[in-house]
Each structure stands twice: as C-alpha cells, then as structure tokens.
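What follows is a short report on a single structure.
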Amino acid sequence: MRKRGRQEGDARTRILDAAEELFAADGYEATATARVARRAKVPKGLVFHYFPQKIDLLVALVEERTFIEVLPAESVEAMPGDPAGTLSRLARRFPLRASPAMRRILFREADTHRSVRDRLRSLNGEVLRRARGALEVALPGTRGDAARLEVAAATFTAVLLYQENLSQLTGEHIDPDAVADLIARALGT
C-alpha cells in the first residue's frame, strides 16, 4: 500500500513538472492537457484525477512552487547614508523563491489568471514595502519627502520584478547594483 502512495505522489509531481516546463515554454493557453500527460508519462485521466480542470493545474503550480518570503520591517539591512548599498543588499535578498520557469509563468499568465495575478501582486507589495522601508532608514532626513521615496522604491521594485523578463526581451542583463546606484543619485545622495 505504501508503495502505491509514493507512486501516486511521483505521478502528481511529474504532472506538475511537465506543466511547469510546458507552460513556461509555450504558455498556459497553448498547452493542451494531453501534452502535459504525455510529457509526464501518465494517462490523461490521471491528470484530471489530480487536477479536475486545467486551471487547477496552474493554480497548484503557483501555490506550491512560488514562495514569497515575508520579513519583519526591522530585518531589512539598511545603512543610514547609503541608499545604493541598502538597495543592493535588498536586491540580493529578493523575496521570491521560484524556478526561472515559474517566474516566466507568473509574468506570462498574470494578465489572464487571477490566482497568478494575486501572487504577483503580493510579491510586488512585499518588495515595495521592503524598498520603501530601506530607503527611509538609509535616508533618514528625507522622511518628509515621501513622494520621492515612494517613486524611488516603486522604480526599484519594478526593475527587480521585471529584470528577468527584460533580460529575455533585450538579451541584456540588468545589474541591480547599477540600478540601485542610479536611484541613489536621483535621490541626491
């Protein structure tokens, strides 16, 4: 009995692995459930056993294979007077734990699938919260200039979130440290 349970878990994992690979390469809409089954080497009916509708497969991928690390505000490593270094440290502690394929799925499917959009919105909120808090600590005298800090934090967040997609589109790697330095200079430091 125990062996069968492990085989069923292995089949479910293979289905998720296949869906992740195919959705990342071709997109959710362009990937038929039959292709997922073939790639996973399972009968198509088994896919529907675990995931009654195709959307359930996408939802399971997002819920099980993307993790957003939420940290208390005081855990952001900010150095007063060093906004560029603070943002660089923040970039190195990027809170999304997901494979490159899952990152592509998140960005590709966010426009058309609510669960994906919600996960991406949560990630954006966490990165923005960290960037804003870090800049407030790094630039303690600018608390009154909240609008500029908000724009700087939002810009840095956008670059961090979309750097992989931008890199795929342009073929150029975006250096978060250079972006951190540019934002710090724009803030007049």
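Going through the structure tokens in order, the chains are called A, B, and so on, while each chain numbers its residues from 1 and the ligands are numbered from 1 in the order shown.
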- Contact residues around Ser88 (chain A) with only C-alpha atoms at 12 Å, ignoring same-chain residues under 5 positions, as a PyMOL selection string: chain A and resi 76-79+82-83+93-94+131+134-135+138+156-157+160+175-184
Please produce a file of those selected residues containing N, CA, C and O atoms, as a CSV table (one decimal), in the first residue's frame.
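Result went into part_28.csv, see below:
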chain,number,residue,atom,x,y,z
A,76,VAL,N,15.2,44.4,7.4
A,76,VAL,CA,15.8,44.9,6.2
A,76,VAL,C,17.2,45.5,6.6
A,76,VAL,O,17.3,46.3,7.5
A,77,GLU,N,18.2,45.1,5.9
A,77,GLU,CA,19.6,45.6,6.2
A,77,GLU,C,19.8,46.9,5.5
A,77,GLU,O,20.4,47.0,4.4
A,78,ALA,N,19.4,48.0,6.2
A,78,ALA,CA,19.6,49.3,5.7
A,78,ALA,C,20.7,50.1,6.5
A,78,ALA,O,20.8,49.9,7.7
A,79,MET,N,21.5,50.8,5.7
A,79,MET,CA,22.5,51.6,6.3
A,79,MET,C,22.3,53.1,6.1
A,79,MET,O,22.1,53.5,5.0
A,82,ASP,N,23.5,55.4,3.1
A,82,ASP,CA,24.0,54.5,2.0
A,82,ASP,C,22.8,53.9,1.3
A,82,ASP,O,22.6,52.7,1.3
A,83,PRO,N,22.0,54.7,0.5
A,83,PRO,CA,20.8,54.2,-0.1
A,83,PRO,C,21.2,53.2,-1.2
A,83,PRO,O,20.5,52.2,-1.4
A,93,ARG,N,18.6,39.9,-1.5
A,93,ARG,CA,17.6,39.2,-0.6
A,93,ARG,C,16.2,39.2,-1.3
A,93,ARG,O,15.2,39.3,-0.6
A,94,PHE,N,16.2,39.1,-2.6
A,94,PHE,CA,14.9,39.1,-3.3
A,94,PHE,C,14.0,38.0,-2.7
A,94,PHE,O,14.4,36.9,-2.6
A,131,ALA,N,11.6,48.0,0.0
A,131,ALA,CA,12.3,49.1,-0.6
A,131,ALA,C,12.0,50.4,0.1
A,131,ALA,O,12.9,51.2,0.4
A,134,ALA,N,13.6,50.4,3.6
A,134,ALA,CA,15.0,50.5,3.5
A,134,ALA,C,15.5,51.9,3.1
A,134,ALA,O,16.4,52.5,3.7
A,135,LEU,N,14.8,52.6,2.2
A,135,LEU,CA,15.1,53.9,1.8
A,135,LEU,C,14.9,54.9,3.0
A,135,LEU,O,15.6,55.9,3.2
A,138,ALA,N,17.8,54.4,5.2
A,138,ALA,CA,19.0,54.9,4.5
A,138,ALA,C,19.1,56.4,4.4
A,138,ALA,O,20.2,57.0,4.4
A,156,PHE,N,12.6,50.9,-8.2
A,156,PHE,CA,13.5,49.8,-7.9
A,156,PHE,C,12.7,48.4,-7.9
A,156,PHE,O,13.2,47.4,-8.4
A,157,THR,N,11.5,48.5,-7.3
A,157,THR,CA,10.7,47.2,-7.3
A,157,THR,C,10.4,46.8,-8.7
A,157,THR,O,10.5,45.6,-9.0
A,160,LEU,N,13.5,45.1,-10.2
A,160,LEU,CA,13.7,43.8,-9.6
A,160,LEU,C,12.8,42.8,-10.1
A,160,LEU,O,13.2,41.7,-10.5
A,175,ASP,N,21.8,45.0,-14.2
A,175,ASP,CA,22.6,44.9,-12.9
A,175,ASP,C,21.8,45.7,-11.8
A,175,ASP,O,21.8,46.9,-11.9
A,176,PRO,N,21.3,45.0,-10.9
A,176,PRO,CA,20.5,45.7,-9.8
A,176,PRO,C,21.4,46.7,-9.0
A,176,PRO,O,20.9,47.7,-8.5
A,177,ASP,N,22.7,46.4,-8.9
A,177,ASP,CA,23.6,47.3,-8.2
A,177,ASP,C,23.7,48.7,-9.0
A,177,ASP,O,23.7,49.7,-8.4
A,178,ALA,N,23.7,48.6,-10.3
A,178,ALA,CA,23.8,49.8,-11.1
A,178,ALA,C,22.5,50.6,-11.0
A,178,ALA,O,22.5,51.8,-10.9
A,179,VAL,N,21.4,49.9,-10.9
A,179,VAL,CA,20.1,50.5,-10.8
A,179,VAL,C,20.0,51.1,-9.4
A,179,VAL,O,19.5,52.3,-9.2
A,180,ALA,N,20.5,50.4,-8.4
A,180,ALA,CA,20.5,51.0,-7.0
A,180,ALA,C,21.3,52.3,-7.0
A,180,ALA,O,20.9,53.3,-6.4
A,181,ASP,N,22.4,52.3,-7.6
A,181,ASP,CA,23.3,53.5,-7.7
A,181,ASP,C,22.6,54.6,-8.4
A,181,ASP,O,22.6,55.8,-8.0
A,182,LEU,N,21.9,54.3,-9.5
A,182,LEU,CA,21.2,55.3,-10.3
A,182,LEU,C,20.1,55.9,-9.4
A,182,LEU,O,19.9,57.2,-9.4
A,183,ILE,N,19.3,55.1,-8.7
A,183,ILE,CA,18.3,55.6,-7.9
A,183,ILE,C,18.8,56.5,-6.8
A,183,ILE,O,18.3,57.5,-6.4
A,184,ALA,N,19.9,56.0,-6.2
A,184,ALA,CA,20.5,56.8,-5.1
A,184,ALA,C,20.9,58.2,-5.6
A,184,ALA,O,20.7,59.2,-4.9
Shell of 10 Å around His173 (chain A), only C-alpha atoms, local chain residues under 5 positions omitted, as a PDB file with C-alpha atoms, in the first residue's frame:
ATOM      1  CA  GLN A 163      14.623  42.130 -14.715  1.00  0.00           C
ATOM      2  CA  GLU A 164      14.371  38.530 -15.948  1.00  0.00           C
ATOM      3  CA  LEU A 166      13.589  42.465 -19.640  1.00  0.00           C
ATOM      4  CA  SER A 167      16.710  40.357 -19.984  1.00  0.00           C
ATOM      5  CA  GLN A 168      14.840  37.813 -22.115  1.00  0.00           C
TER       6      GLN A 168
END
Return as CSV the residues of region 33-53 of chain A lying at most 6 Å from region 11-27 of chain A, together with the closest atom-to-atom pair for each and the distance in Å to one decimal, counting only C-alpha atoms, with rows in chain order and ascending residue number.
residue,atom,partner,partner_atom,distance
A:Val36,CA,A:Ala19,CA,5.5
A:Arg39,CA,A:Ala18,CA,5.6
A:Ala40,CA,A:Arg14,CA,5.0
- Task: Using only C-alpha atoms, determine which residues lie at most 8 Å from Leu58 (chain A), disregarding the query and same-chain residues fewer than 3 positions distant; provide the list as a list in words.
- Result: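 Once the adjacent positions are removed, what remains is Ala19, Tyr28, Lys54, Ile55, Leu61 and Val62 of chain A.
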- Task: Please identify which residues in region 4-188 of chain A DSSP calls strand (DSSP E) from the backbone, and express them as a list in words.
- Result: Phe67, Ile68, Leu96 and Arg97 of chain A
- Using only C-alpha atoms, which residue out of A:Lys44, A:Arg148, A:Arg104, A:Arg119 lies closest to Glu69 (chain A)?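 The answer is A:Arg119, which sits nearest to Glu69 (chain A).
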- Proximity to Phe67 (chain A) - best of A:Arg97, A:His49, A:Arg89, A:Arg121, only C-alpha atoms: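 Going through A:Arg97, A:His49, A:Arg89, A:Arg121 one by one, the smallest distance to Phe67 (chain A) is for A:Arg97.
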- Item | Contacts of Asn124 (chain A) at 10 Å (only C-alpha atoms; same-chain gap of 4+ positions) as an MDAnalysis selection string | chainID A and resid 68 95:96 118:120 128:130 154 157:158 160:161
- If you count only C-alpha atoms, the residue of A:Tyr162, A:Ala152, A:Asp145, A:Leu71 closest to Arg103 (chain A) turns out to be A:Tyr162
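One distance worth recording is that between CA of Phe107 (chain A) and CA of Asn165 (chain A), which is 7.9 Å.
Across A:Ala30, A:Glu150, A:Ala186, A:Arg108, the tightest approach to Glu136 (chain A) is made by A:Glu150 when counting only C-alpha atoms.
CA of Ser115 (chain A) to CA of Arg65 (chain A) spans 13.0 Å [interatomic distance, one decimal].
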- Item | Those of region 33-103 of chain A in DSSP helix (DSSP H, G or I), formatted as number ranges by chain | A: 33-40, 44-50, 54-65, 73-75, 83-92, 100-103
- Just give me the gap between CA of Asp111 (chain A) and CA of Val159 (chain A) in Å, one decimal is fine.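 Going from CA of Asp111 (chain A) over to CA of Val159 (chain A), I get 18.4 Å.
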